[in-house]
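Data from start-v3.tsv: TSV, C-alpha atoms
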```tsv
chain	number	residue	atom	x	y	z
A	19	MET	CA	40.77	-44.31	-28.42
A	20	ASN	CA	40.44	-47.83	-27.10
A	21	LYS	CA	40.11	-49.07	-30.63
A	22	LEU	CA	43.81	-49.33	-31.32
A	23	PRO	CA	44.73	-51.80	-28.56
A	24	LEU	CA	41.48	-53.61	-29.31
A	25	LEU	CA	42.36	-53.87	-32.96
A	26	GLY	CA	45.87	-54.87	-31.96
A	27	ALA	CA	44.46	-57.60	-29.74
A	28	ALA	CA	42.20	-58.81	-32.52
A	29	VAL	CA	45.05	-58.84	-34.99
A	30	ALA	CA	47.29	-60.59	-32.50
A	31	ALA	CA	44.62	-63.17	-31.80
A	32	ALA	CA	44.08	-63.73	-35.50
A	33	LEU	CA	47.79	-64.10	-36.07
A	34	ALA	CA	48.13	-66.49	-33.16
A	35	ILE	CA	45.62	-68.91	-34.53
A	36	GLY	CA	46.74	-68.56	-38.06
A	37	CYS	CA	44.01	-66.37	-39.46
A	38	ALA	CA	41.46	-69.14	-39.21
A	39	THR	CA	38.84	-66.46	-38.74
A	40	THR	CA	39.40	-63.06	-40.29
A	41	PRO	CA	39.56	-60.43	-37.58
A	42	LYS	CA	36.48	-58.32	-37.93
A	43	THR	CA	35.12	-55.36	-36.08
A	44	VAL	CA	32.08	-56.15	-34.01
A	45	PRO	CA	29.65	-53.25	-34.47
A	46	GLU	CA	28.05	-53.88	-31.06
A	47	LEU	CA	31.45	-53.59	-29.42
A	48	VAL	CA	32.17	-50.34	-31.23
A	49	GLU	CA	28.82	-49.00	-30.05
A	50	ALA	CA	29.53	-50.16	-26.50
A	51	HIS	CA	32.88	-48.37	-26.47
A	52	ALA	CA	31.22	-45.19	-27.71
A	53	ALA	CA	28.54	-45.41	-25.02
A	54	VAL	CA	31.03	-45.99	-22.21
A	55	GLU	CA	33.24	-43.21	-23.57
A	56	ARG	CA	30.27	-40.84	-23.62
A	57	LEU	CA	29.44	-41.61	-19.99
A	58	THR	CA	33.08	-41.30	-18.90
A	59	SER	CA	33.40	-37.87	-20.46
A	60	ASP	CA	30.49	-36.54	-18.41
A	61	PRO	CA	32.06	-34.75	-15.43
A	62	LEU	CA	29.09	-35.64	-13.26
A	63	ALA	CA	29.50	-39.41	-13.90
A	64	SER	CA	32.37	-40.04	-11.49
A	65	GLN	CA	30.26	-38.91	-8.56
A	66	SER	CA	26.65	-39.61	-9.56
A	67	ALA	CA	26.89	-42.74	-11.75
A	68	THR	CA	29.85	-44.51	-10.12
A	69	ARG	CA	28.19	-47.90	-9.91
A	70	GLU	CA	26.91	-47.83	-13.51
A	71	LEU	CA	30.25	-46.61	-14.86
A	72	GLN	CA	32.06	-49.38	-13.04
A	73	ALA	CA	29.66	-52.06	-14.27
A	74	ALA	CA	29.84	-50.79	-17.86
A	75	ARG	CA	33.65	-50.77	-17.80
A	76	GLY	CA	33.66	-54.31	-16.40
A	77	SER	CA	31.35	-55.55	-19.14
A	78	LEU	CA	33.39	-53.73	-21.77
A	79	ASP	CA	36.54	-55.45	-20.48
A	80	ASN	CA	34.75	-58.79	-20.65
A	81	ALA	CA	33.74	-58.05	-24.24
A	82	ASP	CA	37.26	-57.00	-25.20
A	83	ASN	CA	38.70	-60.09	-23.54
A	84	ALA	CA	36.17	-62.35	-25.23
A	85	LEU	CA	37.17	-60.88	-28.55
A	86	LYS	CA	40.85	-61.18	-27.69
A	87	LYS	CA	40.45	-64.81	-26.68
A	88	ASN	CA	38.54	-65.46	-29.82
A	89	ARG	CA	35.46	-66.52	-27.95
A	90	PRO	CA	32.28	-67.02	-29.93
A	91	GLN	CA	30.97	-63.74	-31.34
A	92	GLY	CA	27.72	-64.19	-29.41
A	93	GLU	CA	29.67	-63.79	-26.18
A	94	VAL	CA	31.40	-60.63	-27.39
A	95	VAL	CA	28.05	-59.19	-28.49
A	96	HIS	CA	26.48	-60.18	-25.18
A	97	TYR	CA	29.10	-58.35	-23.06
A	98	ALA	CA	29.10	-55.41	-25.45
A	99	TYR	CA	25.32	-55.19	-25.09
A	100	LEU	CA	25.59	-55.28	-21.31
A	101	ALA	CA	28.26	-52.54	-21.39
A	102	LYS	CA	26.17	-50.32	-23.65
A	103	ARG	CA	23.02	-50.77	-21.57
A	104	GLN	CA	24.86	-50.15	-18.30
A	105	ALA	CA	26.33	-46.97	-19.77
A	106	GLU	CA	22.84	-45.93	-20.85
A	107	THR	CA	21.55	-46.58	-17.36
A	108	GLY	CA	24.34	-44.31	-16.06
A	109	GLU	CA	23.36	-41.60	-18.53
A	110	ALA	CA	19.74	-41.82	-17.42
A	111	ARG	CA	20.88	-41.54	-13.78
A	112	LEU	CA	22.77	-38.35	-14.62
A	113	ALA	CA	19.74	-36.96	-16.43
A	114	GLU	CA	17.69	-37.70	-13.32
A	115	VAL	CA	20.24	-35.99	-11.06
A	116	ARG	CA	20.23	-32.91	-13.30
A	117	ALA	CA	16.43	-32.83	-13.38
A	118	LYS	CA	16.35	-33.04	-9.61
A	119	GLU	CA	18.82	-30.17	-9.32
A	120	LYS	CA	16.57	-28.21	-11.62
A	121	ILE	CA	13.61	-29.06	-9.40
A	122	SER	CA	15.30	-27.85	-6.26
A	123	LYS	CA	16.44	-24.67	-8.00
A	124	GLY	CA	12.92	-24.17	-9.31
A	125	GLU	CA	11.48	-24.73	-5.87
A	126	ALA	CA	13.91	-22.25	-4.39
A	127	ALA	CA	12.93	-19.73	-7.05
A	128	ARG	CA	9.29	-20.43	-6.37
A	129	ASN	CA	9.78	-19.88	-2.67
A	130	ALA	CA	11.66	-16.67	-3.39
A	131	VAL	CA	8.84	-15.39	-5.56
A	132	ARG	CA	6.31	-16.40	-2.94
A	133	LEU	CA	8.29	-14.77	-0.19
A	134	GLU	CA	8.62	-11.63	-2.26
A	135	ALA	CA	4.89	-11.60	-2.93
A	136	ARG	CA	4.15	-12.18	0.73
A	137	GLU	CA	6.47	-9.37	1.74
A	138	ARG	CA	4.78	-7.12	-0.74
A	139	GLU	CA	1.39	-8.10	0.66
A	140	VAL	CA	2.59	-7.38	4.14
A	141	ASP	CA	3.91	-3.99	3.03
A	142	LEU	CA	0.68	-3.29	1.26
A	143	ALA	CA	-1.36	-4.29	4.28
A	144	ARG	CA	0.86	-2.23	6.53
A	145	ASN	CA	0.52	0.82	4.28
A	146	GLN	CA	-3.19	0.24	4.01
A	147	ALA	CA	-3.46	-0.04	7.78
A	148	ALA	CA	-1.48	3.16	8.22
A	149	ALA	CA	-3.68	4.92	5.66
A	150	ASN	CA	-6.79	3.59	7.38
A	151	ALA	CA	-5.50	4.75	10.74
A	152	ALA	CA	-4.78	8.20	9.31
A	153	ASP	CA	-8.25	8.33	7.77
A	154	ALA	CA	-9.80	7.22	11.03
A	155	GLU	CA	-7.83	9.85	12.94
A	156	ALA	CA	-8.84	12.54	10.45
A	157	ALA	CA	-12.46	11.42	10.69
A	158	ARG	CA	-12.24	11.41	14.47
A	159	GLN	CA	-10.74	14.90	14.46
A	160	SER	CA	-13.34	16.25	12.09
A	161	ALA	CA	-16.12	14.58	14.04
A	162	LEU	CA	-14.65	16.08	17.16
A	163	SER	CA	-14.39	19.55	15.71
A	164	ALA	CA	-17.88	19.28	14.20
A	165	GLN	CA	-19.16	18.26	17.58
A	166	GLN	CA	-17.18	21.03	19.21
A	167	ARG	CA	-18.61	23.54	16.78
A	168	ALA	CA	-22.11	22.25	17.37
A	169	GLU	CA	-21.59	22.37	21.10
A	170	GLU	CA	-20.19	25.87	20.88
A	171	ALA	CA	-23.13	27.01	18.76
A	172	GLN	CA	-25.52	25.40	21.19
A	173	ARG	CA	-23.75	27.04	24.13
A	174	ALA	CA	-23.93	30.42	22.41
A	175	LEU	CA	-27.59	29.92	21.70
A	176	ASP	CA	-28.25	28.81	25.26
A	177	GLU	CA	-26.32	31.77	26.55
A	178	GLN	CA	-28.31	34.14	24.38
A	179	GLN	CA	-31.58	32.56	25.43
A	180	ARG	CA	-30.59	32.72	29.05
A	181	ALA	CA	-29.54	36.36	28.77
A	182	LEU	CA	-32.75	37.28	26.98
A	183	ALA	CA	-34.73	35.36	29.53
A	184	GLU	CA	-33.08	37.48	32.17
A	185	LEU	CA	-34.45	40.49	30.31
A	186	GLN	CA	-37.84	38.80	30.61
A	187	ALA	CA	-38.02	38.61	26.84
A	188	LYS	CA	-40.44	36.04	25.54
A	189	GLN	CA	-39.92	33.52	22.81
A	190	THR	CA	-42.45	34.28	20.07
A	191	GLU	CA	-42.86	33.44	16.42
A	192	ARG	CA	-40.96	36.62	15.68
A	193	GLY	CA	-38.06	35.60	17.89
A	194	MET	CA	-37.37	36.92	21.35
A	195	VAL	CA	-39.58	39.87	22.15
A	196	LEU	CA	-39.31	42.16	25.17
A	197	THR	CA	-42.40	44.15	25.97
A	198	LEU	CA	-41.98	47.43	27.78
A	199	GLY	CA	-45.24	48.38	29.52
A	200	ASP	CA	-46.93	51.79	29.45
A	201	VAL	CA	-45.66	52.57	32.91
A	202	LEU	CA	-42.43	53.79	31.22
A	203	PHE	CA	-44.25	56.74	29.65
A	204	ASP	CA	-46.60	59.39	30.91
A	205	THR	CA	-49.93	59.57	29.12
A	206	GLY	CA	-49.57	61.34	25.79
A	207	ARG	CA	-45.83	61.74	26.27
A	208	SER	CA	-42.98	60.06	24.54
A	209	GLU	CA	-40.20	60.78	27.06
A	210	LEU	CA	-39.10	57.77	29.04
A	211	LYS	CA	-39.72	57.88	32.75
A	212	PRO	CA	-36.71	57.30	35.02
A	213	GLY	CA	-38.11	53.88	35.98
A	214	ALA	CA	-37.28	52.63	32.50
A	215	ALA	CA	-33.56	52.99	33.09
A	216	THR	CA	-32.92	49.62	34.74
A	217	THR	CA	-34.63	47.68	31.96
A	218	LEU	CA	-32.89	49.68	29.24
A	219	ASP	CA	-29.52	49.19	30.97
A	220	ARG	CA	-30.02	45.47	30.77
A	221	VAL	CA	-31.07	45.59	27.09
A	222	ALA	CA	-28.05	47.76	26.21
A	223	LYS	CA	-25.74	45.47	28.11
A	224	TYR	CA	-27.10	42.49	26.26
A	225	LEU	CA	-26.74	44.22	22.90
A	226	ASN	CA	-23.19	45.28	23.72
A	227	GLN	CA	-22.31	41.69	24.53
A	228	ASN	CA	-23.93	40.35	21.34
A	229	ALA	CA	-22.52	42.70	18.74
A	230	GLU	CA	-24.30	41.13	15.76
A	231	THR	CA	-27.74	41.17	17.27
A	232	ARG	CA	-30.10	43.73	15.85
A	233	VAL	CA	-33.32	45.05	17.36
A	234	LEU	CA	-36.56	46.28	16.00
A	235	ILE	CA	-38.36	48.66	18.31
A	236	GLU	CA	-42.09	48.95	17.75
A	237	GLY	CA	-44.42	51.37	19.49
A	238	TYR	CA	-48.11	50.50	20.05
A	239	THR	CA	-51.04	52.42	21.49
A	240	ASP	CA	-54.63	51.71	22.46
A	241	SER	CA	-57.47	52.84	20.26
A	242	ARG	CA	-58.35	56.05	22.02
A	243	GLY	CA	-57.62	59.21	20.04
A	244	THR	CA	-57.11	59.43	16.30
A	245	ALA	CA	-55.21	56.76	14.46
A	246	GLU	CA	-52.84	59.33	13.06
A	247	TYR	CA	-52.04	60.73	16.48
A	248	ASN	CA	-51.57	57.27	17.87
A	249	GLN	CA	-49.24	56.33	15.04
A	250	GLN	CA	-47.09	59.38	15.64
A	251	LEU	CA	-47.05	58.86	19.39
A	252	SER	CA	-46.06	55.21	18.96
A	253	ALA	CA	-43.29	56.15	16.54
A	254	GLN	CA	-41.95	58.77	18.93
A	255	ARG	CA	-41.99	56.35	21.84
A	256	ALA	CA	-40.10	53.73	19.77
A	257	SER	CA	-37.64	56.40	18.82
A	258	SER	CA	-37.19	57.41	22.46
A	259	VAL	CA	-36.28	53.86	23.35
A	260	ALA	CA	-33.84	53.75	20.42
A	261	SER	CA	-32.19	56.96	21.60
A	262	ALA	CA	-31.97	55.63	25.13
A	263	LEU	CA	-30.14	52.55	23.83
A	264	GLU	CA	-27.90	54.69	21.68
A	265	THR	CA	-26.83	56.72	24.70
A	266	ARG	CA	-26.00	53.40	26.34
A	267	GLY	CA	-23.51	52.54	23.58
A	268	VAL	CA	-25.65	50.66	21.06
A	269	SER	CA	-25.03	51.74	17.49
A	270	ARG	CA	-28.08	53.28	15.83
A	271	ASP	CA	-27.33	51.07	12.79
A	272	ARG	CA	-28.45	48.09	14.72
A	273	ILE	CA	-31.77	49.56	15.64
A	274	ASP	CA	-34.87	49.92	13.55
A	275	THR	CA	-37.94	51.68	14.87
A	276	SER	CA	-41.54	51.51	13.82
A	277	GLY	CA	-44.71	53.25	15.01
A	278	LYS	CA	-47.55	50.79	14.78
A	279	GLY	CA	-50.23	52.97	16.46
A	280	GLU	CA	-53.44	51.12	17.17
A	281	GLU	CA	-52.45	48.07	15.09
A	282	LEU	CA	-52.07	44.58	16.48
A	283	PRO	CA	-53.71	45.03	19.86
A	284	VAL	CA	-52.72	42.29	22.31
A	285	ALA	CA	-55.90	42.73	24.35
A	286	SER	CA	-59.37	44.24	24.07
A	287	ASN	CA	-59.56	48.03	23.90
A	288	ASP	CA	-63.00	47.88	25.61
A	289	THR	CA	-61.58	47.64	29.11
A	290	SER	CA	-59.05	49.82	30.85
A	291	ALA	CA	-56.93	46.74	31.72
A	292	GLY	CA	-56.96	45.68	28.06
A	293	ARG	CA	-56.06	49.16	26.88
A	294	GLN	CA	-53.18	49.26	29.35
A	295	LEU	CA	-51.77	46.06	27.81
A	296	ASN	CA	-52.12	47.51	24.32
A	297	ARG	CA	-50.08	50.59	25.22
A	298	ARG	CA	-46.60	49.19	24.93
A	299	VAL	CA	-43.21	49.20	23.22
A	300	GLU	CA	-41.92	45.88	21.92
A	301	ILE	CA	-38.26	45.19	21.35
A	302	VAL	CA	-37.79	42.32	18.88
A	303	PHE	CA	-34.35	40.71	18.94
A	304	SER	CA	-32.68	39.16	15.94
A	305	ASP	CA	-30.56	36.05	16.35
A	306	ALA	CA	-26.84	36.28	17.05
A	307	ASP	CA	-26.16	36.76	13.33
A	308	GLY	CA	-28.50	39.75	12.94
A	309	LYS	CA	-31.31	37.79	11.30
A	310	PHE	CA	-34.90	38.09	12.42
A	311	ALA	CA	-37.04	35.03	12.84
A	312	ASP	CA	-39.95	36.57	10.98
A	313	LYS	CA	-39.54	38.57	7.86
A	314	MET	CA	-42.45	40.73	8.95
A	315	ALA	CA	-40.25	41.98	11.73
A	316	GLN	CA	-37.79	43.37	9.23
A	317	ARG	CA	-40.32	45.89	7.96
B	3	MET	CA	32.57	-73.40	-3.42
B	4	ARG	CA	33.61	-70.80	-5.97
B	5	THR	CA	36.90	-72.50	-6.61
B	6	LEU	CA	35.19	-75.84	-6.81
B	7	ALA	CA	32.48	-74.81	-9.26
B	8	PRO	CA	34.63	-74.31	-12.38
B	9	LEU	CA	36.42	-77.48	-11.53
B	10	THR	CA	33.09	-79.30	-11.31
B	11	ILE	CA	31.99	-77.79	-14.62
B	12	VAL	CA	35.24	-78.76	-16.25
B	13	LEU	CA	35.01	-82.25	-14.84
B	14	GLY	CA	31.31	-82.49	-15.70
B	15	CYS	CA	31.91	-81.19	-19.17
B	16	ALA	CA	34.55	-83.72	-19.69
B	17	ALA	CA	32.38	-86.54	-18.37
B	18	ILE	CA	28.89	-85.89	-19.74
B	19	GLY	CA	29.25	-83.07	-22.25
B	20	CYS	CA	28.34	-80.02	-20.19
B	21	ALA	CA	24.90	-81.31	-19.24
B	22	SER	CA	25.53	-80.58	-15.57
B	23	THR	CA	26.37	-76.81	-15.86
B	24	PRO	CA	24.18	-75.28	-13.14
B	25	LEU	CA	21.15	-73.31	-14.29
B	26	PRO	CA	21.45	-69.53	-13.56
B	27	THR	CA	18.59	-69.46	-11.08
B	28	ALA	CA	19.90	-66.42	-9.23
B	29	GLU	CA	20.39	-64.39	-12.46
B	30	VAL	CA	16.87	-65.17	-13.64
B	31	ALA	CA	15.43	-64.30	-10.23
B	32	ARG	CA	17.33	-60.99	-10.28
B	33	ALA	CA	16.02	-60.20	-13.77
B	34	GLN	CA	12.52	-61.06	-12.60
B	35	THR	CA	12.83	-58.69	-9.64
B	36	LEU	CA	14.20	-55.85	-11.76
B	37	VAL	CA	11.44	-56.22	-14.37
B	38	ALA	CA	8.86	-56.02	-11.58
B	39	GLN	CA	10.64	-52.97	-10.20
B	40	ALA	CA	10.61	-51.34	-13.64
B	41	GLU	CA	6.88	-51.98	-13.88
B	42	SER	CA	6.26	-50.34	-10.54
B	43	SER	CA	8.47	-47.40	-11.62
B	44	GLN	CA	5.92	-46.61	-14.34
B	45	ALA	CA	8.37	-47.74	-17.02
B	46	GLN	CA	5.37	-48.84	-19.10
B	47	GLN	CA	4.59	-45.15	-19.48
B	48	TYR	CA	8.05	-43.58	-19.56
B	49	ALA	CA	10.38	-46.28	-21.00
B	50	ALA	CA	8.10	-48.73	-22.77
B	51	ALA	CA	10.65	-49.96	-25.35
B	52	ASP	CA	13.23	-50.81	-22.69
B	53	LEU	CA	10.65	-52.57	-20.54
B	54	ASP	CA	9.42	-54.59	-23.52
B	55	ARG	CA	12.95	-55.73	-24.29
B	56	ALA	CA	13.48	-56.74	-20.68
B	57	ARG	CA	10.26	-58.71	-20.63
B	58	THR	CA	11.02	-60.48	-23.89
B	59	LYS	CA	14.49	-61.46	-22.71
B	60	LEU	CA	13.13	-62.62	-19.38
B	61	GLN	CA	10.70	-64.86	-21.25
B	62	GLN	CA	13.53	-66.22	-23.37
B	63	ALA	CA	15.59	-66.81	-20.23
B	64	ASN	CA	12.74	-68.74	-18.65
B	65	LYS	CA	12.30	-70.80	-21.82
B	66	ALA	CA	16.00	-71.62	-21.75
B	67	MET	CA	15.66	-72.57	-18.10
B	68	ASP	CA	12.80	-74.90	-18.97
B	69	ALA	CA	14.92	-76.38	-21.71
B	70	LYS	CA	17.77	-76.77	-19.20
B	71	LYS	CA	20.11	-74.61	-21.28
B	72	PRO	CA	22.26	-72.69	-18.77
B	73	MET	CA	24.30	-70.61	-21.21
B	74	PRO	CA	21.56	-68.83	-23.16
B	75	ALA	CA	19.52	-68.65	-19.94
B	76	ASN	CA	22.32	-66.76	-18.27
B	77	GLN	CA	22.83	-64.37	-21.18
B	78	PHE	CA	19.13	-63.66	-21.56
B	79	ALA	CA	18.74	-63.18	-17.83
B	80	THR	CA	21.66	-60.75	-17.47
B	81	GLU	CA	20.59	-58.78	-20.55
B	82	ALA	CA	17.00	-58.69	-19.28
B	83	ALA	CA	18.32	-57.32	-15.99
B	84	ALA	CA	20.39	-54.67	-17.81
B	85	ASP	CA	17.36	-53.70	-19.91
B	86	ALA	CA	15.17	-53.48	-16.81
B	87	GLU	CA	17.76	-51.24	-15.13
B	88	VAL	CA	17.79	-48.96	-18.17
B	89	ALA	CA	13.98	-48.90	-18.07
B	90	ILE	CA	13.98	-48.00	-14.37
B	91	ALA	CA	16.61	-45.28	-14.73
B	92	ARG	CA	15.02	-43.74	-17.82
B	93	SER	CA	11.56	-43.85	-16.27
B	94	GLN	CA	12.79	-42.13	-13.13
B	95	ALA	CA	14.76	-39.56	-15.15
B	96	ALA	CA	11.72	-38.82	-17.31
B	97	GLN	CA	9.55	-38.35	-14.25
B	98	ALA	CA	12.09	-36.06	-12.66
B	99	GLU	CA	12.31	-34.05	-15.88
B	100	LYS	CA	8.54	-33.81	-16.02
B	101	SER	CA	8.45	-32.53	-12.44
B	102	ALA	CA	11.22	-30.06	-13.24
B	103	ALA	CA	9.22	-28.72	-16.17
B	104	GLU	CA	6.17	-28.42	-13.94
B	105	VAL	CA	8.12	-26.57	-11.28
B	106	ASP	CA	9.54	-24.26	-13.97
B	107	ALA	CA	6.07	-23.60	-15.30
B	108	SER	CA	4.74	-22.88	-11.84
B	109	VAL	CA	7.62	-20.49	-11.14
B	110	GLU	CA	6.81	-18.68	-14.37
B	111	ALA	CA	3.12	-18.55	-13.52
B	112	LEU	CA	3.86	-17.30	-10.03
B	113	ARG	CA	6.22	-14.67	-11.41
B	114	SER	CA	3.79	-13.33	-13.94
B	115	GLU	CA	0.99	-13.33	-11.39
B	116	SER	CA	3.24	-11.52	-8.99
B	117	GLN	CA	4.13	-8.98	-11.68
B	118	ARG	CA	0.47	-8.50	-12.41
B	119	ASN	CA	-0.21	-7.87	-8.73
B	120	VAL	CA	2.59	-5.33	-8.62
B	121	ARG	CA	1.11	-3.52	-11.55
B	122	GLY	CA	-2.35	-3.84	-10.05
B	123	GLN	CA	-1.34	-2.02	-6.92
```
Kindly return the structure encoded in the file as structure tokens.
Amino acid sequence: MNKLPLLGAAVAAALAIGCATTPKTVPELVEAHAAVERLTSDPLASQSATRELQAARGSLDNADNALKKNRPQGEVVHYAYLAKRQAETGEARLAEVRAKEKISKGEAARNAVRLEAREREVDLARNQAAANAADAEAARQSALSAQQRAEEAQRALDEQQRALAELQAKQTERGMVLTLGDVLFDTGRSELKPGAATTLDRVAKYLNQNAETRVLIEGYTDSRGTAEYNQQLSAQRASSVASALETRGVSRDRIDTSGKGEELPVASNDTSAGRQLNRRVEIVFSDADGKFADKMAQR
Amino acid sequence: MRTLAPLTIVLGCAAIGCASTPLPTAEVARAQTLVAQAESSQAQQYAAADLDRARTKLQQANKAMDAKKPMPANQFATEAAADAEVAIARSQAAQAEKSAAEVDASVEALRSESQRNVRGQ
């Protein structure tokens, strides 16, 4: 665009001095014009390469003037070179400005991604913490209820033990066993004497309070008389006790009876004191769930 | 001074054939400074051709100074300065572009890592 006045100037100059030197285009000047033009057309140049643009235009004017005034070509080339290089410096400045904009955008994007990631981590940690708290609470609850159950079971057991102890039942390998002495029966008889009532009341009360508990009632005798007679007598006495409990509200289903006769003496049959101990009825209690400690006790 | 200088040159030129045109000491010093600045801007790495041109022209300017030739000394010095400025600007632009590419790459890396973490959840 600037070529026309330039050419005009060259022609005019040539004409003025009588065509002593043919007006010629200086390729360096053409290049310089192109470079300055390129920088000028960049919209960013007017604000970010002001100084370079100004310098390049000044040098370009100098070059044009040198040509116009028919100065030595070296001078034209020199100013053209300066103009081109100054324009190139301006272009490089703009490239730098654009790169720096890109950097700050990139850094902003990087911060955004980081922030996003951090927020996600925080969320994750928060969710994890909430989940952990829920787990901990559940664990605490289940530990609590397990402990409560254990305590309850222990209390029930203690209660049962205490109640049986009140009955003067003894803890044996077969479980709790209550021994009713021979004073409850007359010799050779299987009917319970009235004195047995208090003890049987207590046993019935206990059984009524512990509905799952079962009892095994076993009759025993000393070794006097025939074994067969003794067996029958012991069975009848066990049965009497069972009936007595039944009349006190204990279901017959929960009671087993057995006549053991002369078997399993607890003392020597050679003395009257020993024989007295051997004449007895034993009530074996199951646990609260109806299970006997010793399978032998279940017949 | 400024108004006197051309007059002096004109008078000098007339009297002793331009021998007294002052040497462009300031222009050469400026070129010298800019070349040094280009070197410290890592132009050797990022704008080697421009730096080489500046150095060569600075040498030529100094030679012309030694030979007491003001005109070529001035031209060489100003062109050396222009070349050094190009070298500085291009070196700085190249470094900024390199940083921009690095930032871009790191954003990409961060994004893909972040995506991977999301999927890994």
Review point. Which neighbours of B:Gln94 fall inside 12 Å, counting all atoms listed in the file, when residues of the same chain fewer than 6 positions from it are skipped, and could you give them as a PyMOL selection string?
Key: (chain A and resi 107+109-118) or (chain B and resi 39-49+87-88+100-101)
Practice item. In Å, rounded to a single decimal, give me how far atom CA of A:Ala74 is from atom CA of A:Arg103. Key: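 One can read the atom CA of A:Arg103 to atom CA of A:Ala74 distance as 7.8 Å.
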Exercise for review: Output the contact residues of chain A with respect to chain B at a cut-off of 10 Å, based on only C-alpha atoms, as a PyMOL selection string.
Suggested key: chain A and resi 70+92-93+96-97+99-132+134-136+138-139+142
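The interatomic distance for the pair atom CA of A:Lys188 and atom CA of A:Ala306 works out to 16.0 Å.
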Practice item. Name the residues in contact with stretch 292-304 of chain A at a cut-off of 7 Å, using all atoms listed in the file, excluding same-chain residues fewer than 3 positions from it; report them as a ChimeraX atom specification. Key: /A:193-200,231-240,256,283-289,308-311
Check your understanding: Near A:Glu46, counting only C-alpha atoms, which residues have an atom at most 8 Å away, once you skip same-chain residues fewer than 2 positions from it, shown as a PyMOL selection string?
Key -> chain A and resi 44+48-50+95+98-99
For the residues in the current selection, export C-alpha atoms as a PDB file, keeping the file's coordinate frame.
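The resulting file, again-v8.pdb, is shown below:
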```
ATOM      1  CA  VAL A  44      32.080 -56.150 -34.010  1.00  0.00           C
ATOM      2  CA  VAL A  48      32.170 -50.340 -31.230  1.00  0.00           C
ATOM      3  CA  GLU A  49      28.820 -49.000 -30.050  1.00  0.00           C
ATOM      4  CA  ALA A  50      29.530 -50.160 -26.500  1.00  0.00           C
ATOM      5  CA  VAL A  95      28.050 -59.190 -28.490  1.00  0.00           C
ATOM      6  CA  ALA A  98      29.100 -55.410 -25.450  1.00  0.00           C
ATOM      7  CA  TYR A  99      25.320 -55.190 -25.090  1.00  0.00           C
TER       8      TYR A  99
END
```
Point to revise | Coordinates-based distance that separates atom CA of A:Asp82 from atom CA of B:Lys59 (Å, one decimal) | key: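 Distance reported for this atom pair: 23.3 Å.
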